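Novice: Just structure14.pdb, nothing more (PDB, C-alpha atoms and all ligand atoms):
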```pdb
ATOM      1  CA  MET A   1     -14.247  33.149  -2.732
ATOM      2  CA  ALA A   2     -15.275  35.715  -0.177
ATOM      3  CA  SER A   3     -17.211  33.132   1.786
ATOM      4  CA  LYS A   4     -14.224  30.761   1.864
ATOM      5  CA  ALA A   5     -11.963  33.440   3.274
ATOM      6  CA  LEU A   6     -14.612  34.312   5.780
ATOM      7  CA  ARG A   7     -14.983  30.690   6.814
ATOM      8  CA  LYS A   8     -11.220  30.514   7.326
ATOM      9  CA  ARG A   9     -11.327  33.577   9.498
ATOM     10  CA  LEU A  10     -14.260  32.157  11.397
ATOM     11  CA  ASN A  11     -12.417  28.867  11.968
ATOM     12  CA  LYS A  12      -9.361  30.715  13.186
ATOM     13  CA  ARG A  13     -11.425  32.575  15.744
ATOM     14  CA  SER A  14     -13.210  29.497  17.011
ATOM     15  CA  ASP A  15      -9.890  27.621  17.144
ATOM     16  CA  SER A  16      -8.284  30.248  19.290
ATOM     17  CA  LYS A  17     -11.293  30.688  21.516
ATOM     18  CA  PRO A  18     -11.775  27.952  24.097
ATOM     19  CA  SER A  19      -8.227  26.638  24.118
ATOM     20  CA  PRO A  20      -7.090  25.441  27.562
ATOM     21  CA  SER A  21      -4.096  27.782  27.548
ATOM     22  CA  ASN A  22      -6.465  30.728  27.047
ATOM     23  CA  SER A  23      -8.738  29.697  29.856
ATOM     24  CA  SER A  24      -5.717  29.202  32.068
ATOM     25  CA  THR A  25      -4.866  32.867  31.569
ATOM     26  CA  MET A  26      -8.194  33.690  33.153
ATOM     27  CA  PRO A  27      -7.644  34.673  36.762
ATOM     28  CA  ALA A  28      -8.882  31.883  38.971
ATOM     29  CA  SER A  29     -10.076  34.495  41.364
ATOM     30  CA  TRP A  30     -12.730  35.857  38.934
ATOM     31  CA  PRO A  31     -16.206  35.531  40.271
ATOM     32  CA  PRO A  32     -18.312  32.760  38.622
ATOM     33  CA  HIS A  33     -20.905  35.159  37.167
ATOM     34  CA  LEU A  34     -18.152  36.938  35.192
ATOM     35  CA  ASN A  35     -17.063  33.547  33.855
ATOM     36  CA  ASN A  36     -20.657  32.920  32.715
ATOM     37  CA  TYR A  37     -20.779  36.384  31.208
ATOM     38  CA  ARG A  38     -17.690  35.586  29.165
ATOM     39  CA  LYS A  39     -19.225  32.307  27.896
ATOM     40  CA  THR A  40     -22.419  34.094  26.881
ATOM     41  CA  SER A  41     -20.527  36.806  25.061
ATOM     42  CA  VAL A  42     -18.488  34.194  23.176
ATOM     43  CA  ILE A  43     -21.715  32.473  22.070
ATOM     44  CA  PHE A  44     -23.130  35.832  20.988
ATOM     45  CA  SER A  45     -19.981  36.626  19.048
ATOM     46  CA  VAL A  46     -20.125  33.290  17.235
ATOM     47  CA  LEU A  47     -23.807  33.824  16.404
ATOM     48  CA  LEU A  48     -23.035  37.323  15.178
ATOM     49  CA  ILE A  49     -20.181  36.123  12.991
ATOM     50  CA  LEU A  50     -22.345  33.282  11.652
ATOM     51  CA  SER A  51     -25.168  35.638  10.722
ATOM     52  CA  VAL A  52     -22.797  38.118   9.062
ATOM     53  CA  PHE A  53     -21.316  35.181   7.178
ATOM     54  CA  GLY A  54     -24.819  34.117   6.115
ATOM     55  CA  LEU A  55     -25.741  37.597   4.938
ATOM     56  CA  LEU A  56     -22.497  37.952   3.004
ATOM     57  CA  GLY A  57     -23.092  34.521   1.446
ATOM     58  CA  VAL A  58     -26.551  35.498   0.221
ATOM     59  CA  SER A  59     -25.429  38.832  -1.152
ATOM     60  CA  SER A  60     -22.374  37.363  -2.839
ATOM     61  CA  ASN A  61     -24.676  34.881  -4.621
ATOM     62  CA  MET A  62     -26.875  37.741  -5.731
ATOM     63  CA  TRP A  63     -23.866  39.652  -6.905
ATOM     64  CA  ARG A  64     -22.593  36.643  -8.834
ATOM     65  CA  ASN A  65     -25.965  36.222 -10.552
ATOM     66  CA  LEU A  66     -26.050  39.856 -11.542
ATOM     67  CA  LYS A  67     -22.506  39.905 -12.801
ATOM     68  CA  HIS A  68     -22.344  36.659 -14.778
ATOM     69  CA  ASP A  69     -25.803  35.329 -15.313
ATOM     70  CA  ALA A  70     -28.484  37.914 -15.995
ATOM     71  CA  VAL A  71     -28.943  38.416 -19.722
ATOM     72  CA  SER A  72     -29.765  41.958 -20.781
ATOM     73  CA  THR A  73     -30.453  40.967 -24.404
ATOM     74  CA  PRO A  74     -34.222  40.520 -24.882
ATOM     75  CA  VAL A  75     -35.342  36.898 -25.235
ATOM     76  CA  TYR A  76     -38.619  35.867 -26.846
ATOM     77  CA  SER A  77     -40.757  32.778 -26.860
ATOM     78  CA  ILE A  78     -43.219  32.182 -29.658
ATOM     79  CA  GLU A  79     -46.914  31.574 -30.080
ATOM     80  CA  VAL A  80     -48.152  29.736 -33.163
ATOM     81  CA  VAL A  81     -51.023  31.754 -34.656
ATOM     82  CA  ASN A  82     -51.423  29.722 -37.843
ATOM     83  CA  GLU A  83     -50.183  26.447 -39.315
ATOM     84  CA  PHE A  84     -49.850  25.702 -43.023
ATOM     85  CA  PRO A  85     -48.825  22.551 -44.897
ATOM     86  CA  HIS A  86     -45.189  22.371 -46.064
ATOM     87  CA  ASP A  87     -43.639  19.872 -48.469
ATOM     88  CA  PRO A  88     -41.942  17.323 -46.162
ATOM     89  CA  GLN A  89     -39.492  16.581 -49.001
ATOM     90  CA  ALA A  90     -38.304  20.202 -49.077
ATOM     91  CA  PHE A  91     -34.912  20.582 -47.405
ATOM     92  CA  THR A  92     -35.557  24.278 -46.777
ATOM     93  CA  GLN A  93     -32.512  26.518 -47.205
ATOM     94  CA  GLY A  94     -34.060  29.781 -48.337
ATOM     95  CA  LEU A  95     -37.530  31.197 -47.736
ATOM     96  CA  LEU A  96     -39.265  34.486 -48.456
ATOM     97  CA  TYR A  97     -42.746  35.940 -48.703
ATOM     98  CA  ALA A  98     -43.551  37.725 -51.964
ATOM     99  CA  GLY A  99     -47.095  39.035 -51.410
ATOM    100  CA  ASN A 100     -50.494  37.548 -52.344
ATOM    101  CA  ASP A 101     -49.956  34.511 -50.103
ATOM    102  CA  ILE A 102     -47.024  33.393 -52.241
ATOM    103  CA  LEU A 103     -43.726  32.120 -50.893
ATOM    104  CA  PHE A 104     -40.485  31.445 -52.726
ATOM    105  CA  GLU A 105     -38.345  28.661 -51.381
ATOM    106  CA  SER A 106     -34.909  27.266 -52.130
ATOM    107  CA  THR A 107     -34.233  23.645 -51.227
ATOM    108  CA  GLY A 108     -30.986  21.759 -50.783
ATOM    109  CA  LEU A 109     -29.621  18.196 -50.905
ATOM    110  CA  ASN A 110     -27.855  16.678 -53.900
ATOM    111  CA  ARG A 111     -30.195  15.885 -56.801
ATOM    112  CA  ARG A 112     -33.130  17.294 -54.816
ATOM    113  CA  SER A 113     -32.235  20.982 -54.920
ATOM    114  CA  SER A 114     -34.754  23.425 -56.347
ATOM    115  CA  VAL A 115     -36.204  26.894 -56.448
ATOM    116  CA  ARG A 116     -39.970  26.893 -56.080
ATOM    117  CA  GLN A 117     -42.959  29.148 -55.875
ATOM    118  CA  VAL A 118     -45.268  27.856 -53.149
ATOM    119  CA  ALA A 119     -48.858  28.733 -52.232
ATOM    120  CA  LEU A 120     -48.803  29.685 -48.545
ATOM    121  CA  ARG A 121     -52.257  28.314 -47.641
ATOM    122  CA  THR A 122     -51.984  24.915 -49.347
ATOM    123  CA  GLY A 123     -48.228  24.372 -49.389
ATOM    124  CA  LYS A 124     -48.614  23.459 -53.058
ATOM    125  CA  VAL A 125     -45.593  23.949 -55.322
ATOM    126  CA  GLU A 126     -46.929  26.153 -58.147
ATOM    127  CA  VAL A 127     -43.722  26.636 -60.136
ATOM    128  CA  LEU A 128     -40.667  24.419 -59.815
ATOM    129  CA  HIS A 129     -37.128  24.894 -61.068
ATOM    130  CA  GLU A 130     -35.056  21.759 -60.555
ATOM    131  CA  MET A 131     -31.387  22.528 -60.145
ATOM    132  CA  ASP A 132     -28.388  20.758 -61.678
ATOM    133  CA  ASP A 133     -27.315  17.652 -59.779
ATOM    134  CA  SER A 134     -24.013  19.276 -58.871
ATOM    135  CA  ASP A 135     -25.669  22.244 -57.134
ATOM    136  CA  PHE A 136     -26.924  22.200 -53.534
ATOM    137  CA  GLY A 137     -29.390  25.079 -53.136
ATOM    138  CA  GLU A 138     -28.989  27.507 -50.239
ATOM    139  CA  GLY A 139     -30.148  31.035 -49.349
ATOM    140  CA  LEU A 140     -32.705  32.893 -51.492
ATOM    141  CA  THR A 141     -33.868  36.486 -51.641
ATOM    142  CA  LEU A 142     -35.920  38.727 -53.921
ATOM    143  CA  ILE A 143     -35.087  42.208 -55.227
ATOM    144  CA  ASP A 144     -37.815  43.550 -57.515
ATOM    145  CA  GLU A 145     -38.368  40.841 -60.150
ATOM    146  CA  ARG A 146     -35.172  38.907 -59.534
ATOM    147  CA  LEU A 147     -34.525  36.031 -57.156
ATOM    148  CA  PHE A 148     -30.945  35.628 -55.918
ATOM    149  CA  GLN A 149     -29.734  32.233 -54.726
ATOM    150  CA  VAL A 150     -26.411  30.995 -53.341
ATOM    151  CA  ILE A 151     -25.030  27.451 -53.563
ATOM    152  CA  TRP A 152     -23.495  25.350 -50.797
ATOM    153  CA  LEU A 153     -19.708  24.819 -50.934
ATOM    154  CA  LYS A 154     -19.419  27.151 -53.938
ATOM    155  CA  LYS A 155     -18.672  30.798 -54.382
ATOM    156  CA  THR A 156     -21.268  31.040 -57.099
ATOM    157  CA  GLY A 157     -24.984  31.713 -57.216
ATOM    158  CA  TYR A 158     -27.820  32.304 -59.655
ATOM    159  CA  ILE A 159     -30.371  34.961 -60.478
ATOM    160  CA  TYR A 160     -33.834  33.808 -61.584
ATOM    161  CA  ASP A 161     -36.840  35.614 -63.017
ATOM    162  CA  ARG A 162     -39.467  35.501 -60.264
ATOM    163  CA  ASN A 163     -42.294  35.180 -62.815
ATOM    164  CA  ASN A 164     -41.216  31.825 -64.287
ATOM    165  CA  LEU A 165     -38.095  30.816 -62.307
ATOM    166  CA  ASN A 166     -36.008  30.895 -65.487
ATOM    167  CA  LYS A 167     -32.313  31.108 -64.701
ATOM    168  CA  LEU A 168     -30.949  34.464 -65.881
ATOM    169  CA  VAL A 169     -27.383  34.864 -64.614
ATOM    170  CA  LYS A 170     -24.670  32.965 -62.778
ATOM    171  CA  PHE A 171     -22.615  35.137 -60.414
ATOM    172  CA  THR A 172     -19.547  34.810 -58.191
ATOM    173  CA  HIS A 173     -19.464  36.252 -54.652
ATOM    174  CA  GLN A 174     -16.744  36.900 -52.074
ATOM    175  CA  MET A 175     -18.046  34.951 -49.073
ATOM    176  CA  THR A 176     -16.246  31.721 -48.096
ATOM    177  CA  ASP A 177     -19.418  29.700 -48.813
ATOM    178  CA  GLY A 178     -23.078  30.277 -49.620
ATOM    179  CA  TRP A 179     -25.571  29.748 -46.769
ATOM    180  CA  GLY A 180     -28.084  32.573 -46.333
ATOM    181  CA  LEU A 181     -29.331  35.611 -48.234
ATOM    182  CA  ALA A 182     -31.652  38.506 -47.378
ATOM    183  CA  THR A 183     -32.239  42.041 -48.603
ATOM    184  CA  ASP A 184     -33.491  45.425 -47.500
ATOM    185  CA  GLY A 185     -34.446  46.027 -51.142
ATOM    186  CA  LYS A 186     -31.144  47.714 -51.916
ATOM    187  CA  VAL A 187     -28.248  45.519 -50.798
ATOM    188  CA  LEU A 188     -27.827  41.809 -50.184
ATOM    189  CA  PHE A 189     -27.065  40.434 -46.738
ATOM    190  CA  GLY A 190     -25.224  37.120 -46.779
ATOM    191  CA  SER A 191     -24.076  34.382 -44.426
ATOM    192  CA  ASP A 192     -21.565  31.613 -45.104
ATOM    193  CA  GLY A 193     -21.895  29.363 -42.052
ATOM    194  CA  THR A 194     -19.373  31.359 -40.036
ATOM    195  CA  SER A 195     -20.119  34.145 -37.555
ATOM    196  CA  THR A 196     -19.702  36.792 -40.272
ATOM    197  CA  LEU A 197     -22.628  38.762 -41.644
ATOM    198  CA  TYR A 198     -21.869  40.295 -45.045
ATOM    199  CA  LYS A 199     -23.362  43.292 -46.815
ATOM    200  CA  ILE A 200     -23.035  42.734 -50.570
ATOM    201  CA  ASN A 201     -23.576  44.893 -53.642
ATOM    202  CA  PRO A 202     -26.261  43.098 -55.749
ATOM    203  CA  GLN A 203     -24.802  44.398 -59.019
ATOM    204  CA  THR A 204     -21.096  43.678 -58.529
ATOM    205  CA  PHE A 205     -21.378  41.047 -55.726
ATOM    206  CA  LYS A 206     -18.489  42.771 -53.976
ATOM    207  CA  VAL A 207     -18.613  42.858 -50.165
ATOM    208  CA  ILE A 208     -19.563  46.380 -49.021
ATOM    209  CA  ASN A 209     -18.751  45.562 -45.423
ATOM    210  CA  LYS A 210     -18.922  42.710 -42.966
ATOM    211  CA  GLY A 211     -19.172  42.208 -39.226
ATOM    212  CA  ILE A 212     -18.699  39.378 -36.755
ATOM    213  CA  VAL A 213     -21.886  38.519 -34.915
ATOM    214  CA  LYS A 214     -21.232  38.219 -31.202
ATOM    215  CA  PHE A 215     -23.274  37.480 -28.111
ATOM    216  CA  ASN A 216     -21.887  38.031 -24.614
ATOM    217  CA  GLY A 217     -18.374  38.111 -26.027
ATOM    218  CA  HIS A 218     -18.799  34.852 -27.967
ATOM    219  CA  GLU A 219     -18.998  34.551 -31.751
ATOM    220  CA  VAL A 220     -22.306  33.267 -33.052
ATOM    221  CA  HIS A 221     -21.067  30.628 -35.509
ATOM    222  CA  ASN A 222     -23.121  28.798 -38.127
ATOM    223  CA  LEU A 223     -25.317  31.714 -39.216
ATOM    224  CA  ASN A 224     -27.765  30.184 -41.651
ATOM    225  CA  GLU A 225     -31.010  31.347 -43.305
ATOM    226  CA  LEU A 226     -31.525  35.121 -43.099
ATOM    227  CA  GLU A 227     -34.450  37.535 -43.267
ATOM    228  CA  PHE A 228     -34.505  41.334 -43.138
ATOM    229  CA  ILE A 229     -37.273  42.382 -40.713
ATOM    230  CA  ASN A 230     -37.914  45.985 -39.628
ATOM    231  CA  GLY A 231     -34.302  47.040 -39.966
ATOM    232  CA  GLU A 232     -32.903  43.887 -38.324
ATOM    233  CA  ILE A 233     -31.380  40.726 -39.720
ATOM    234  CA  TRP A 234     -32.985  37.605 -38.322
ATOM    235  CA  ALA A 235     -30.801  34.520 -38.625
ATOM    236  CA  ASN A 236     -31.331  30.850 -38.000
ATOM    237  CA  VAL A 237     -28.339  29.476 -36.110
ATOM    238  CA  TRP A 238     -27.642  26.067 -37.619
ATOM    239  CA  GLN A 239     -28.168  23.088 -35.282
ATOM    240  CA  THR A 240     -30.183  25.138 -32.802
ATOM    241  CA  ASP A 241     -33.824  26.062 -32.214
ATOM    242  CA  CYS A 242     -32.836  29.731 -31.968
ATOM    243  CA  ILE A 243     -33.202  32.748 -34.188
ATOM    244  CA  ALA A 244     -30.771  35.608 -33.577
ATOM    245  CA  ARG A 245     -31.995  39.160 -34.148
ATOM    246  CA  ILE A 246     -28.910  40.959 -35.405
ATOM    247  CA  SER A 247     -28.057  44.595 -36.008
ATOM    248  CA  PRO A 248     -27.028  44.920 -39.676
ATOM    249  CA  GLU A 249     -24.634  47.636 -38.501
ATOM    250  CA  GLY A 250     -21.930  46.041 -36.402
ATOM    251  CA  GLY A 251     -23.428  42.600 -35.889
ATOM    252  CA  SER A 252     -24.492  42.777 -32.263
ATOM    253  CA  VAL A 253     -27.274  40.416 -31.179
ATOM    254  CA  LEU A 254     -30.366  42.518 -30.400
ATOM    255  CA  GLY A 255     -32.469  39.598 -29.247
ATOM    256  CA  TRP A 256     -32.969  35.843 -29.215
ATOM    257  CA  ILE A 257     -36.088  33.958 -30.247
ATOM    258  CA  LEU A 258     -36.408  30.484 -28.734
ATOM    259  CA  LEU A 259     -38.444  27.982 -30.759
ATOM    260  CA  PRO A 260     -37.615  24.509 -29.362
ATOM    261  CA  ASN A 261     -41.285  23.595 -29.007
ATOM    262  CA  LEU A 262     -41.873  23.480 -32.790
ATOM    263  CA  ARG A 263     -39.384  20.708 -33.543
ATOM    264  CA  LYS A 264     -40.208  18.854 -30.321
ATOM    265  CA  GLU A 265     -43.917  18.818 -31.097
ATOM    266  CA  LEU A 266     -43.326  17.608 -34.657
ATOM    267  CA  ILE A 267     -41.147  14.765 -33.365
ATOM    268  CA  ALA A 268     -43.683  13.930 -30.638
ATOM    269  CA  ALA A 269     -46.341  13.719 -33.390
ATOM    270  CA  GLY A 270     -44.281  11.022 -35.127
ATOM    271  CA  ASN A 271     -42.258  13.091 -37.631
ATOM    272  CA  SER A 272     -38.995  11.391 -36.728
ATOM    273  CA  GLY A 273     -37.239  12.200 -40.015
ATOM    274  CA  ILE A 274     -37.304  15.968 -39.729
ATOM    275  CA  ASP A 275     -34.136  18.061 -39.709
ATOM    276  CA  VAL A 276     -33.410  21.432 -38.061
ATOM    277  CA  LEU A 277     -35.415  24.637 -37.877
ATOM    278  CA  ASN A 278     -34.541  26.730 -40.954
ATOM    279  CA  GLY A 279     -36.390  29.308 -42.994
ATOM    280  CA  ILE A 280     -37.787  32.680 -41.954
ATOM    281  CA  ALA A 281     -40.162  34.729 -44.116
ATOM    282  CA  TRP A 282     -41.675  38.147 -43.451
ATOM    283  CA  ASP A 283     -44.892  39.643 -44.793
ATOM    284  CA  SER A 284     -44.062  43.300 -44.198
ATOM    285  CA  ASN A 285     -47.497  44.556 -45.288
ATOM    286  CA  ASN A 286     -49.319  42.481 -42.697
ATOM    287  CA  SER A 287     -46.507  41.954 -40.165
ATOM    288  CA  ARG A 288     -46.721  38.187 -40.455
ATOM    289  CA  ILE A 289     -43.687  36.071 -39.487
ATOM    290  CA  PHE A 290     -43.369  32.582 -40.979
ATOM    291  CA  VAL A 291     -40.913  29.864 -39.991
ATOM    292  CA  THR A 292     -40.337  26.286 -41.020
ATOM    293  CA  GLY A 293     -37.578  23.674 -41.054
ATOM    294  CA  LYS A 294     -35.778  21.218 -43.286
ATOM    295  CA  LEU A 295     -38.136  18.353 -44.213
ATOM    296  CA  TRP A 296     -40.830  19.765 -41.908
ATOM    297  CA  PRO A 297     -44.442  18.960 -42.864
ATOM    298  CA  LYS A 298     -45.586  22.327 -41.508
ATOM    299  CA  LEU A 299     -44.896  26.023 -41.866
ATOM    300  CA  TYR A 300     -45.879  28.231 -38.955
ATOM    301  CA  GLN A 301     -47.041  31.797 -38.619
ATOM    302  CA  ILE A 302     -45.736  32.925 -35.254
ATOM    303  CA  LYS A 303     -46.008  35.789 -32.802
ATOM    304  CA  LEU A 304     -43.292  36.740 -30.327
ATOM    305  CA  HIS A 305     -43.699  37.145 -26.580
ATOM    306  CA  PRO A 306     -40.908  38.646 -24.470
ATOM    307  CA  ILE A 307     -39.746  36.253 -21.762
ATOM    308  CA  LYS A 308     -39.891  38.307 -18.557
ATOM    309  CA  LYS A 309     -38.314  35.693 -16.295
ATOM    310  CA  ASN A 310     -34.627  36.383 -15.611
ATOM    311  CA  LEU A 311     -32.710  34.139 -17.973
ATOM    312  CA  ASN A 312     -28.994  33.810 -17.605
ATOM    313  CA  ALA A 313     -26.530  34.225 -20.434
ATOM    314  CA  GLY A 314     -25.138  30.722 -19.865
ATOM    315  CA  ASP A 315     -28.535  29.176 -20.657
ATOM    316  CA  ILE A 316     -28.782  31.162 -23.894
ATOM    317  CA  GLU A 317     -25.230  30.185 -24.853
ATOM    318  CA  GLU A 318     -26.069  26.523 -24.297
ATOM    319  CA  LEU A 319     -29.288  26.750 -26.325
ATOM    320  CA  CYS A 320     -28.182  29.049 -29.126
ATOM    321  CA  LEU A 321     -24.398  28.898 -29.646
ATOM    322  CA  ARG A 322     -22.525  26.056 -31.345
ATOM    323  CA  ALA A 323     -18.857  25.461 -32.095
ATOM    324  CA  ALA A 324     -17.541  26.587 -35.467
ATOM    325  CA  ILE A 325     -17.944  23.966 -38.189
ATOM    326  CA  HIS A 326     -15.687  23.652 -41.231
ATOM    327  CA  PHE A 327     -16.935  21.714 -44.240
TER     328      PHE A 327
HETATM  329  C1  LIG B   1     -47.250  45.262 -50.058
HETATM  330  O1  LIG B   1     -48.261  46.107 -50.515
HETATM  331  C2  LIG B   1     -47.960  46.806 -51.710
HETATM  332  C3  LIG B   1     -49.083  47.760 -51.977
HETATM  333  O2  LIG B   1     -50.327  47.104 -51.947
HETATM  334  C4  LIG B   1     -47.755  45.786 -52.836
HETATM  335  O3  LIG B   1     -47.433  46.459 -54.032
HETATM  336  C5  LIG B   1     -46.633  44.836 -52.449
HETATM  337  O4  LIG B   1     -46.507  43.832 -53.428
HETATM  338  C6  LIG B   1     -46.901  44.215 -51.118
HETATM  339  N1  LIG B   1     -45.718  43.448 -50.725
HETATM  340  C7  LIG B   1     -45.774  42.295 -50.093
HETATM  341  C8  LIG B   1     -44.479  41.652 -49.794
HETATM  342  O5  LIG B   1     -46.801  41.785 -49.746
END
```
Let me see the file written as structure tokens.
Ligand SMILES: *[C@@H]1O[C@H](CO)[C@@H](O)[C@H](O)[C@H]1NC(C)=O

Specialist:
Amino acid sequence: MASKALRKRLNKRSDSKPSPSNSSTMPASWPPHLNNYRKTSVIFSVLLILSVFGLLGVSSNMWRNLKHDAVSTPVYSIEVVNEFPHDPQAFTQGLLYAGNDILFESTGLNRRSSVRQVALRTGKVEVLHEMDDSDFGEGLTLIDERLFQVIWLKKTGYIYDRNNLNKLVKFTHQMTDGWGLATDGKVLFGSDGTSTLYKINPQTFKVINKGIVKFNGHEVHNLNELEFINGEIWANVWQTDCIARISPEGGSVLGWILLPNLRKELIAAGNSGIDVLNGIAWDSNNSRIFVTGKLWPKLYQIKLHPIKKNLNAGDIEELCLRAAIHF
């Protein structure tokens, strides 16, 4: 804008400069060297204006970048430090680490939904609970000896005994749908595919409080699988290769983790049938982070590296935000 106005002003000046009527006002009796002097000073003025214009142009670009583009939220890339086999038939919807190299996993899809105990190192399913055909498994979390699971398109969920995956209780919750679950050991955190993060009482299943997750003024829709890590909620954002690090108090995005290379490399290796990144597990005793995806043949242990390069918020929005979806 500023540069346009400046250009206009510049044009006006150059228009009014060498017009014949102007030169005719010059006394014919002026000595020639004064005439030359005037020409030179006009050229200097134009050069001066041009260089000021150039400087203003550069600084206005810088200003624009600072104002609209630079992202102050930390952004991380990942390094794979270990790869483990993962059942390529598992449509991963819930994942957690339970100690002793054991994972619990909830899988979705109609007639293929399950809760399973999985050996981390081999990917082998050690205990399997097959769900009713009418239930599509979603988020899973563990408090003490009890696994909590929510069901897609229902306001109900189940509690299982972690030792044998026997179903103990059916419960009803207050979210609009069941997508993700996590815990800090005391309360449940839940997602329902919207931008809302819920805090839920694990005895009554009443919502304690809830917050809208926002980044740069935009709602982060489609919050999916959740994990509680060092006081933060980490959430897969459905249909993206991003994990949002969210403050459980208030829902602000504390950081973004970008993982596009995992899915791309699996596809490049010929795994054309894989679905999206989903599933985060945390080994708090050994600070190990695990991620996988729906129908992925691998589960990864990853390490984060801050991206130092100046990323702009628009790039993050394009990578990590999607329109709201209503099923
Ligand atoms: C962490 O370590 C404690 C103490 O050894 C153990 O009781 C617990 O099961 C471990 N938890 C996980 C998730 O590994």

Novice: Go through A:Gly279, A:Ile289, A:His305, A:Gly255 and flag the residue nearest Val71 (chain A), using only C-alpha atoms for the distances.

Specialist: A:Gly255

Novice: With distances taken over all atoms listed in the file, which residue among A:Leu181, A:Ile302, A:Met175, A:Leu96 lies nearest ligand LIG 1 (chain B)?

Specialist: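 Closest to ligand LIG 1 (chain B) of all the choices is A:Leu96.
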
Novice: Which residue out of A:Trp282, A:Phe327, A:Trp256, A:Phe136 has the minimum interatomic distance to ligand LIG 1 (chain B) when all atoms listed in the file are used?

Specialist: A:Trp282

Novice: Starting from the shown file, work through the PyMOL selection byres (((chain A and resi 227-233) around 6) and not hetatm) and note down what comes out as a short mmCIF file (atom, residue, chain, number, x, y, z; two decimals) with C-alpha atoms, in the coordinates of the input.

Specialist:
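Contents of the output file out35.cif:
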```cif
data_model
loop_
_atom_site.label_atom_id
_atom_site.label_comp_id
_atom_site.auth_asym_id
_atom_site.auth_seq_id
_atom_site.Cartn_x
_atom_site.Cartn_y
_atom_site.Cartn_z
CA ALA A 182 -31.65 38.51 -47.38
CA THR A 183 -32.24 42.04 -48.60
CA LEU A 226 -31.52 35.12 -43.10
CA TRP A 234 -32.98 37.60 -38.32
CA ARG A 245 -32.00 39.16 -34.15
CA ILE A 246 -28.91 40.96 -35.40
CA SER A 247 -28.06 44.60 -36.01
#
```

Novice: Evaluate the PyMOL selection byres (((chain A and resi 193) around 9) and not hetatm) against this structure - the residues, as a list of chain:residue names, please.

Specialist: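 Expected selection for the PyMOL selection byres (((chain A and resi 193) around 9) and not hetatm) here is A:Thr176, A:Asp177, A:Gly178, A:Trp179, A:Gly180, A:Ser191, A:Asp192, A:Thr194, A:Ser195, A:Thr196, A:His221, A:Asn222, A:Leu223, A:Asn224, A:Val237, A:Trp238, A:Ala324, A:Ile325, A:His326.
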
Novice: Starting from 4 Å padding per side, set up an axis-aligned box that covers all listed atoms of ligand LIG 1 (chain B) and hand over centre and edge lengths in Å, one decimal, as AutoDock Vina command-line options.

Specialist:
```
--center_x -47.4 --center_y 44.7 --center_z -51.9 --size_x 13.8 --size_y 14.1 --size_z 12.3
```

Novice: Pick out the residues sitting within 10 Å of Leu168 (chain A), and hand them over as a compact mmCIF listing (two decimals) with C-alpha atoms, in the coordinates of the input; count all atoms listed in the file, and ignore anything fewer than 5 positions along from it in its own chain.

Specialist:
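Wrote it out as part-v2.txt, contents follow:
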```
# COMPACT_ATOMS: atom_id res chain seq x y z
CA ARG A 146 -35.17 38.91 -59.53
CA LEU A 147 -34.52 36.03 -57.16
CA TYR A 158 -27.82 32.30 -59.66
CA ILE A 159 -30.37 34.96 -60.48
CA TYR A 160 -33.83 33.81 -61.58
CA ASP A 161 -36.84 35.61 -63.02
```

Novice: Which chains and residue numbers are within 9 Å of ligand LIG 1 (chain B), counting only C-alpha atoms and all ligand atoms, if I want them as a tab-separated table (two decimals) with C-alpha atoms, in the frame of the given file?

Specialist:
```
chain	number	residue	atom	x	y	z
A	96	LEU	CA	-39.26	34.49	-48.46
A	97	TYR	CA	-42.75	35.94	-48.70
A	98	ALA	CA	-43.55	37.72	-51.96
A	99	GLY	CA	-47.10	39.03	-51.41
A	100	ASN	CA	-50.49	37.55	-52.34
A	101	ASP	CA	-49.96	34.51	-50.10
A	102	ILE	CA	-47.02	33.39	-52.24
A	282	TRP	CA	-41.68	38.15	-43.45
A	283	ASP	CA	-44.89	39.64	-44.79
A	284	SER	CA	-44.06	43.30	-44.20
A	285	ASN	CA	-47.50	44.56	-45.29
A	286	ASN	CA	-49.32	42.48	-42.70
```
